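Chemist: To be precise about what I am sending: the file is called run.txt and holds compact mmCIF, C-alpha atoms.
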```
# COMPACT_ATOMS: atom_id res chain seq x y z
CA MET A 1 22.84 29.43 -10.40
CA LYS A 2 23.10 26.96 -7.57
CA ILE A 3 21.60 29.54 -5.22
CA ILE A 4 18.70 30.22 -7.55
CA LEU A 5 18.02 26.50 -7.84
CA LEU A 6 18.18 26.08 -4.09
CA ALA A 7 15.87 29.03 -3.55
CA ALA A 8 13.44 27.62 -6.09
CA ALA A 9 13.50 24.21 -4.40
CA VAL A 10 12.83 25.74 -0.98
CA ALA A 11 10.05 27.95 -2.31
CA PHE A 12 8.38 25.02 -4.06
CA ALA A 13 8.50 22.57 -1.19
CA GLY A 14 7.51 25.00 1.54
CA PRO A 15 8.98 23.40 4.62
CA ALA A 16 11.70 20.91 3.71
CA LEU A 17 10.07 17.54 4.21
CA ALA A 18 11.54 14.22 5.23
CA ALA A 19 11.30 11.10 3.10
CA ASP A 20 9.98 8.64 5.65
CA PRO A 21 6.72 8.47 7.62
CA ALA A 22 8.18 9.34 11.03
CA GLY A 23 10.19 12.22 9.62
CA LEU A 24 7.20 13.55 7.67
CA LEU A 25 5.01 13.34 10.75
CA ALA A 26 7.61 15.31 12.73
CA ASP A 27 7.82 17.91 9.94
CA TYR A 28 4.05 18.39 9.72
CA GLN A 29 3.85 18.61 13.50
CA ALA A 30 6.62 21.21 13.63
CA ASP A 31 4.89 23.24 10.92
CA ALA A 32 1.54 23.02 12.75
CA ARG A 33 3.19 24.31 15.93
CA LYS A 34 3.91 27.58 14.18
CA VAL A 35 0.15 28.14 14.29
CA ASP A 36 -0.61 26.37 17.56
CA ALA A 37 2.41 25.91 19.84
CA ALA A 38 0.63 23.17 21.82
CA PHE A 39 -0.24 21.04 18.78
CA ALA A 40 0.48 17.32 19.07
CA ALA A 41 -0.57 15.02 16.22
CA SER A 42 -3.34 12.67 17.30
CA ALA A 43 -4.12 9.28 15.74
CA GLN A 44 -7.64 9.47 17.12
CA ARG A 45 -8.32 12.86 15.53
CA GLY A 46 -6.71 11.57 12.35
CA GLU A 47 -9.04 8.58 12.27
CA GLN A 48 -12.11 10.79 12.63
CA PHE A 49 -10.86 13.17 9.97
CA PHE A 50 -10.05 10.27 7.64
CA ASN A 51 -13.50 8.72 7.93
CA ALA A 52 -15.61 11.90 7.94
CA ARG A 53 -17.01 13.70 4.96
CA HIS A 54 -16.11 17.35 4.83
CA GLY A 55 -18.92 18.87 2.81
CA ASN A 56 -18.16 16.96 -0.36
CA GLU A 57 -19.22 13.57 -1.65
CA TRP A 58 -16.14 11.63 -0.56
CA SER A 59 -14.16 11.01 2.61
CA CYS A 60 -10.56 9.78 2.53
CA ALA A 61 -12.00 6.37 3.43
CA SER A 62 -14.24 6.36 0.34
CA CYS A 63 -11.24 5.24 -1.71
CA HIS A 64 -8.71 4.14 0.92
CA GLY A 65 -10.99 2.15 3.26
CA ALA A 66 -11.71 2.95 6.92
CA SER A 67 -8.29 1.94 8.25
CA GLY A 68 -6.14 2.73 5.23
CA ALA A 69 -4.37 -0.55 5.97
CA ALA A 70 -6.22 -2.72 3.47
CA GLN A 71 -6.48 -2.50 -0.28
CA GLY A 72 -8.82 0.30 -1.31
CA LYS A 73 -10.99 0.87 -4.35
CA HIS A 74 -11.48 4.13 -6.22
CA ALA A 75 -15.00 5.33 -5.44
CA LYS A 76 -15.71 6.21 -9.03
CA THR A 77 -13.60 4.06 -11.33
CA GLY A 78 -13.35 0.91 -9.20
CA LYS A 79 -9.58 0.85 -9.69
CA VAL A 80 -7.82 -1.11 -6.95
CA ILE A 81 -5.71 1.18 -4.73
CA ALA A 82 -2.77 -0.27 -2.81
CA PRO A 83 -2.93 0.13 1.01
CA LEU A 84 -2.22 3.70 2.16
CA SER A 85 -0.80 2.91 5.57
CA PRO A 86 3.00 2.70 5.48
CA ILE A 87 2.76 -0.22 7.92
CA ALA A 88 0.98 -2.25 5.25
CA ASN A 89 2.75 -0.67 2.28
CA PRO A 90 6.34 0.56 2.71
CA GLU A 91 6.12 2.56 -0.54
CA ARG A 92 3.75 5.00 1.14
CA PHE A 93 4.99 8.27 2.67
CA ALA A 94 8.50 7.61 1.41
CA ASP A 95 8.68 10.45 -1.10
CA ALA A 96 7.79 13.94 0.12
CA ALA A 97 6.95 15.31 -3.34
CA ARG A 98 4.60 12.41 -4.00
CA VAL A 99 2.96 12.82 -0.60
CA GLU A 100 2.40 16.55 -1.16
CA LYS A 101 1.05 15.97 -4.67
CA TRP A 102 -1.58 13.55 -3.41
CA PHE A 103 -2.52 15.66 -0.39
CA LYS A 104 -3.05 18.59 -2.76
CA ARG A 105 -5.29 16.62 -5.11
CA ASN A 106 -7.20 14.57 -2.60
CA CYS A 107 -7.74 17.30 -0.01
CA ASN A 108 -9.18 19.38 -2.80
CA ASP A 109 -11.58 16.55 -3.66
CA VAL A 110 -12.57 15.76 -0.08
CA LEU A 111 -12.51 19.23 1.54
CA GLY A 112 -12.51 21.62 -1.38
CA ARG A 113 -9.32 23.18 -0.03
CA ALA A 114 -5.74 22.34 0.93
CA CYS A 115 -5.23 20.40 4.16
CA THR A 116 -3.39 22.08 7.01
CA SER A 117 -0.16 20.66 8.37
CA ALA A 118 -2.11 19.78 11.53
CA GLU A 119 -4.60 17.70 9.53
CA LYS A 120 -1.82 15.99 7.60
CA GLY A 121 0.01 15.24 10.87
CA ASP A 122 -3.12 13.76 12.44
CA VAL A 123 -3.79 11.56 9.43
CA LEU A 124 -0.21 10.36 9.36
CA ALA A 125 -0.34 9.64 13.11
CA PHE A 126 -3.47 7.56 12.44
CA LEU A 127 -1.94 5.69 9.49
CA THR A 128 1.27 4.89 11.38
CA LYS A 129 -0.43 4.04 14.67
CA GLY A 130 1.28 1.10 16.36
CA GLN A 131 4.39 1.44 14.27
CA PRO A 132 7.50 1.11 16.47
CA MET B 1 21.86 2.35 -45.54
CA ARG B 2 18.83 4.22 -46.71
CA THR B 3 17.12 0.94 -47.64
CA LEU B 4 17.90 -0.49 -44.24
CA LEU B 5 16.46 2.54 -42.55
CA ALA B 6 13.36 2.42 -44.69
CA ALA B 7 12.95 -1.26 -43.93
CA ALA B 8 13.34 -0.59 -40.23
CA LEU B 9 10.81 2.21 -40.37
CA LEU B 10 8.40 0.07 -42.34
CA GLY B 11 8.86 -2.72 -39.83
CA LEU B 12 8.05 -0.35 -37.01
CA ALA B 13 5.07 1.09 -38.77
CA ALA B 14 3.77 -2.36 -39.66
CA LEU B 15 3.94 -3.72 -36.13
CA PRO B 16 0.78 -2.22 -34.65
CA ALA B 17 -1.24 -3.09 -37.73
CA THR B 18 -0.26 -6.76 -37.72
CA ALA B 19 -0.88 -7.39 -34.03
CA ASP B 20 -4.25 -8.74 -33.00
CA LYS B 21 -5.02 -5.73 -30.82
CA PRO B 22 -2.24 -3.19 -30.96
CA ARG B 23 -0.54 -3.16 -27.62
CA LEU B 24 1.41 -0.25 -26.31
CA PRO B 25 3.12 -0.67 -22.96
CA PRO B 26 2.15 2.53 -21.15
CA ASN B 27 4.81 5.20 -20.74
CA PRO B 28 6.04 4.83 -17.12
CA THR B 29 5.24 8.44 -16.19
CA TYR B 30 1.78 8.16 -17.73
CA LYS B 31 1.16 4.88 -15.93
CA ALA B 32 2.35 6.27 -12.58
CA GLU B 33 0.45 9.55 -12.79
CA CYS B 34 -2.72 8.64 -14.67
CA GLY B 35 -2.85 4.96 -13.81
CA SER B 36 -3.33 5.50 -10.06
CA CYS B 37 -7.03 6.32 -10.15
CA HIS B 38 -7.96 4.47 -13.34
CA VAL B 39 -6.18 2.12 -15.72
CA PRO B 40 -3.75 3.95 -18.00
CA TYR B 41 -6.18 4.18 -20.92
CA PRO B 42 -4.46 3.53 -24.25
CA PRO B 43 -3.67 6.90 -25.87
CA LYS B 44 -4.83 5.62 -29.25
CA LEU B 45 -8.43 5.48 -28.04
CA LEU B 46 -8.94 9.25 -28.32
CA PRO B 47 -7.98 11.88 -30.89
CA ALA B 48 -5.13 14.22 -29.99
CA GLN B 49 -7.55 17.11 -29.55
CA SER B 50 -9.55 15.22 -26.93
CA TRP B 51 -6.38 14.46 -24.96
CA ARG B 52 -5.43 18.13 -25.17
CA ASP B 53 -8.86 19.10 -23.83
CA LEU B 54 -8.47 16.69 -20.91
CA MET B 55 -4.92 17.77 -20.09
CA ALA B 56 -5.96 21.43 -20.14
CA ARG B 57 -8.28 20.97 -17.17
CA LEU B 58 -6.72 18.27 -15.02
CA ASP B 59 -7.57 20.20 -11.87
CA ARG B 60 -11.23 19.46 -12.65
CA HIS B 61 -10.90 15.99 -14.13
CA PHE B 62 -14.32 14.31 -14.18
CA GLY B 63 -15.11 15.86 -10.82
CA SER B 64 -11.69 15.19 -9.30
CA ASP B 65 -8.45 17.13 -8.88
CA ALA B 66 -5.80 15.31 -10.93
CA SER B 67 -3.44 18.27 -11.29
CA LEU B 68 0.19 17.71 -12.27
CA ASP B 69 3.29 19.86 -12.18
CA ALA B 70 4.14 21.53 -15.48
CA LYS B 71 7.06 19.28 -16.38
CA THR B 72 5.12 16.05 -15.87
CA SER B 73 2.10 17.46 -17.64
CA GLU B 74 4.21 18.34 -20.69
CA GLU B 75 5.80 14.91 -20.83
CA ILE B 76 2.43 13.17 -20.65
CA SER B 77 0.88 15.54 -23.20
CA ARG B 78 3.67 14.75 -25.67
CA TYR B 79 3.17 11.02 -25.14
CA LEU B 80 -0.59 11.29 -25.64
CA ALA B 81 -0.29 13.47 -28.75
CA ALA B 82 2.28 11.12 -30.29
CA ASN B 83 0.10 8.06 -29.77
CA ALA B 84 -3.43 9.37 -30.26
CA GLU B 85 -5.21 7.67 -33.13
CA ARG B 86 -8.99 7.92 -33.16
CA ARG B 87 -10.65 10.49 -35.34
CA ASP B 88 -14.17 10.46 -33.91
CA ALA B 89 -13.92 12.81 -30.95
CA PRO B 90 -16.48 12.03 -28.26
CA PRO B 91 -18.79 14.92 -27.41
CA GLY B 92 -18.47 17.45 -24.63
CA ALA B 93 -15.79 19.40 -22.84
CA GLU B 94 -14.76 16.21 -21.04
CA PRO B 95 -14.41 13.63 -23.78
CA ARG B 96 -14.96 10.06 -22.60
CA ILE B 97 -13.47 7.02 -24.32
CA THR B 98 -16.63 5.17 -23.36
CA GLU B 99 -18.67 7.54 -25.53
CA THR B 100 -16.73 6.99 -28.74
CA ARG B 101 -18.44 5.09 -31.56
CA TRP B 102 -15.60 2.59 -31.37
CA PHE B 103 -16.29 1.79 -27.70
CA HIS B 104 -19.99 1.21 -28.37
CA LYS B 105 -19.21 -1.00 -31.35
CA GLU B 106 -16.82 -3.13 -29.30
CA HIS B 107 -19.00 -3.50 -26.21
CA ASP B 108 -22.70 -2.91 -26.82
CA GLN B 109 -23.44 -6.33 -28.33
CA GLU B 110 -21.28 -8.39 -26.00
CA VAL B 111 -21.76 -6.77 -22.62
CA PRO B 112 -25.21 -6.80 -21.02
CA ALA B 113 -26.26 -3.49 -19.44
CA THR B 114 -26.56 -5.13 -16.01
CA MET B 115 -22.88 -6.10 -16.03
CA TRP B 116 -21.74 -2.47 -16.27
CA LYS B 117 -23.59 -1.75 -13.05
CA SER B 118 -22.49 -4.84 -11.12
CA ALA B 119 -20.42 -4.41 -7.96
CA ALA B 120 -17.39 -5.99 -9.60
CA VAL B 121 -17.41 -3.58 -12.53
CA LYS B 122 -18.98 -0.36 -11.21
CA GLY B 123 -18.97 1.26 -14.64
CA PRO B 124 -17.45 1.22 -18.12
CA ALA B 125 -14.37 3.19 -16.98
CA ASN B 126 -13.15 0.14 -15.06
CA CYS B 127 -11.46 -1.69 -17.95
CA ALA B 128 -9.51 -3.91 -15.57
CA ALA B 129 -12.70 -5.51 -14.23
CA CYS B 130 -12.72 -7.67 -17.39
CA HIS B 131 -9.51 -6.84 -19.25
CA THR B 132 -7.24 -8.44 -16.68
CA ARG B 133 -4.04 -6.93 -18.07
CA ALA B 134 -5.35 -3.47 -18.89
CA ASP B 135 -2.72 -2.00 -16.55
CA ASP B 136 -0.08 -3.09 -19.05
CA GLY B 137 -2.03 -1.87 -22.07
CA GLU B 138 -2.97 -5.46 -22.99
CA TYR B 139 -6.58 -5.84 -24.15
CA SER B 140 -6.46 -9.03 -26.25
CA GLU B 141 -9.36 -11.51 -26.09
CA ARG B 142 -7.24 -14.09 -24.29
CA THR B 143 -6.75 -11.75 -21.31
CA LEU B 144 -10.48 -11.14 -21.08
CA ARG B 145 -12.35 -12.57 -18.04
CA LEU B 146 -15.92 -11.49 -17.44
CA PRO B 147 -16.61 -11.33 -13.69
CA LYS B 148 -19.21 -13.76 -12.35
```
What would the structure in this file look like if it were written as C-alpha cells?
Modeler:
Amino acid sequence: MKIILLAAAVAFAGPALAADPAGLLADYQADARKVDAAFAASAQRGEQFFNARHGNEWSCASCHGASGAAQGKHAKTGKVIAPLSPIANPERFADAARVEKWFKRNCNDVLGRACTSAEKGDVLAFLTKGQP
Amino acid sequence: MRTLLAAALLGLAALPATADKPRLPPNPTYKAECGSCHVPYPPKLLPAQSWRDLMARLDRHFGSDASLDAKTSEEISRYLAANAERRDAPPGAEPRITETRWFHKEHDQEVPATMWKSAAVKGPANCAACHTRADDGEYSERTLRLPK
C-alpha cells in the first residue's frame, strides 16, 4: 500500500519539487537541463516572458503587475491579488502543489499550453532577483 | 431530548431568516480556491444546478482555466450544493449571478450604469469594490462603501 501511495505521489508531482523559492528554482532548472544541458535560468528572460503576451489576451503582468512585487489586480474581475514575488510575499512559492496548480491554470490562460520547466525557472529567477 | 434537538434544529434553521442579510462565512477551501480570482460569491446566490454547470467546466471558466483536482472539486461541489438557494437560474451554459433577477432587483435602481464601468469597479463581478467585506461573505448595508 505504502509503495502504491508513493508511486502515485511521484507520478502526480512529476519531478519531486522543493517547498521554497530557491529549491523550486533549482528543481525547475535541473528538469530543464534534461532537455538542454546548458540551460541556466535567467531573470532577464523571465522578465521578458512575464511581461509579453503569448498569443492570448493576457500576459502574466496583466494580473500580477510588471514586476510581480506589488499588489496586482485581476484583469477581468478587479479582485486584488497579493504580490507574487516571494521577496514581497513570503507565502509565494512555498508550496509546490500550489505553485504547480497555478502554473497549470495561468500558463493555459496566457499561452494556451503548459509552461516548460525552463520558462518556470526563468520566471522564478526574475521574481526572486536580488534575493540573497 | 427530542424536543431539545428539535429546538436546536429550529434555532439553526431560523438563524439565516432572522439576520438582516444572511451571512455565511465562506468554507475555507472554497475561499482559498475560488476566492483568489474573484470574491468567494455566496453559494446561496445561484441554484444548485447552476453551480453544478459551473463546476463541470472549470477548465473553461468564463474564459479562464480554473481547474481543480478531483478531491478539491468534490468538496467545493458539496459545499455549493448544500448552500445553494436561488430558484431562478440565470440563462446560458455559464450562469452569472449578475444576470439573476435578484441581482437586477438589488442593484439596478441604486447603482448608476457609469459606476459599473468605473476604474475602481471594473464590472459587476467585483463585489468587493463596494461591499467592503465581501471576502468574508458579509454584504450588509453597513459594510457598503460606494467608491468615489
Chemist: Identify all chain A residues at most 8 Å from chain B by counting only C-alpha atoms; ligands do not count. Present them as a VMD selection string.
Modeler: chain A and resid 74 76 to 79 81 101 105 to 106 108 to 109
Chemist: If I take atom CA of A:Ala32 and atom CA of A:Glu119, how far is one from the other in Å, to one decimal?
Modeler: 8.7 Å
Chemist: Could you check how far atom CA of B:Thr72 sits from atom CA of A:Ala69, in Å to one decimal?
Modeler: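 Here the two named atoms are 29.0 Å from each other.
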Chemist: Measuring between all atoms listed in the file, which one of A:Phe93, A:Ala88, A:Lys104, A:Ala37 shows the shortest distance to A:Gly23?
Modeler: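 Among A:Phe93, A:Ala88, A:Lys104, A:Ala37, it is A:Phe93 that comes nearest to A:Gly23.
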Chemist: Of the residues B:Ser50, B:His131, B:Ala113, B:Gly137, which is the one nearest to B:Gly92, using all atoms listed in the file?
Modeler: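 Once distances to B:Gly92 are computed over all atoms listed in the file, the minimum belongs to B:Ser50.
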Chemist: Can you report as AutoDock Vina command-line options the centre and edge lengths in Å, to one decimal, of an axis-aligned box around the listed atoms of stretch 107-123 of chain A padded with 4 Å on each side?
Modeler:
```
--center_x -6.3 --center_y 17.4 --center_z 4.4 --size_x 20.6 --size_y 19.6 --size_z 24.1
```
Chemist: In terms of the shortest atom-to-atom distance over all atoms listed in the file, which of B:Tyr41, B:Tyr139, B:Trp51, B:Trp116 is closest to B:Ala89?
Modeler: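 Under the stated criterion, the closest residue is B:Trp51.
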Chemist: Can you tell me which residues surround stretch 102-107 of chain B at a distance of at most 10 Å, considering all atoms listed in the file, apart from same-chain residues fewer than 3 positions away, and format the answer as a ChimeraX atom specification?
Modeler: /B:45-46,86,88,90,96-99,110-113,124
Chemist: If we count only C-alpha atoms, what is near A:Ala94 at a cut-off of 8 Å, once residues fewer than 6 positions away on the same chain are taken out, given as a list in words?
Modeler: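 The residues satisfying every condition are Ala19, Asp20 and Pro21 of chain A.
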Chemist: Quote the spacing between atom CA of A:Cys115 and atom CA of A:Ile87 in Å to one decimal place.
Modeler: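 Between atom CA of A:Cys115 and atom CA of A:Ile87 the gap works out to 22.4 Å.
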Chemist: Taking all atoms listed in the file into account, which of B:Ala70, B:Ala81, B:Ala48, B:Cys130 comes nearest B:Arg142?
Modeler: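 With all atoms listed in the file as the atom set, the closest residue is B:Cys130.
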Chemist: Missing atoms in stretch 108-123 of chain B: fill them in up to N, CA and C atoms and send the result as a CSV table (one decimal), keeping the file's coordinate frame.
Modeler:
```
chain,number,residue,atom,x,y,z
B,108,ASP,N,-21.2,-2.9,-27.0
B,108,ASP,CA,-22.7,-2.9,-26.8
B,108,ASP,C,-23.3,-4.3,-27.0
B,109,GLN,N,-22.9,-5.0,-28.0
B,109,GLN,CA,-23.4,-6.3,-28.3
B,109,GLN,C,-23.1,-7.4,-27.3
B,110,GLU,N,-21.8,-7.3,-26.8
B,110,GLU,CA,-21.3,-8.4,-26.0
B,110,GLU,C,-21.5,-8.2,-24.5
B,111,VAL,N,-21.7,-7.0,-24.1
B,111,VAL,CA,-21.8,-6.8,-22.6
B,111,VAL,C,-23.2,-6.3,-22.2
B,112,PRO,N,-23.9,-7.2,-21.4
B,112,PRO,CA,-25.2,-6.8,-21.0
B,112,PRO,C,-25.2,-5.6,-20.1
B,113,ALA,N,-26.2,-4.7,-20.2
B,113,ALA,CA,-26.3,-3.5,-19.4
B,113,ALA,C,-26.1,-3.7,-17.9
B,114,THR,N,-26.6,-4.9,-17.4
B,114,THR,CA,-26.6,-5.1,-16.0
B,114,THR,C,-25.1,-5.3,-15.5
B,115,MET,N,-24.3,-5.8,-16.4
B,115,MET,CA,-22.9,-6.1,-16.0
B,115,MET,C,-22.1,-4.8,-15.7
B,116,TRP,N,-22.4,-3.8,-16.5
B,116,TRP,CA,-21.7,-2.5,-16.3
B,116,TRP,C,-22.0,-2.0,-14.9
B,117,LYS,N,-23.2,-2.3,-14.4
B,117,LYS,CA,-23.6,-1.8,-13.0
B,117,LYS,C,-23.3,-2.7,-11.9
B,118,SER,N,-22.7,-3.9,-12.2
B,118,SER,CA,-22.5,-4.8,-11.1
B,118,SER,C,-21.4,-4.3,-10.2
B,119,ALA,N,-21.4,-4.9,-9.0
B,119,ALA,CA,-20.4,-4.4,-8.0
B,119,ALA,C,-19.0,-4.6,-8.4
B,120,ALA,N,-18.8,-5.7,-9.2
B,120,ALA,CA,-17.4,-6.0,-9.6
B,120,ALA,C,-16.9,-5.0,-10.7
B,121,VAL,N,-17.8,-4.4,-11.4
B,121,VAL,CA,-17.4,-3.6,-12.5
B,121,VAL,C,-17.6,-2.1,-12.2
B,122,LYS,N,-18.7,-1.7,-11.6
B,122,LYS,CA,-19.0,-0.4,-11.2
B,122,LYS,C,-19.3,0.6,-12.4
B,123,GLY,N,-18.7,0.4,-13.5
B,123,GLY,CA,-19.0,1.3,-14.6
B,123,GLY,C,-18.0,1.0,-15.8
```
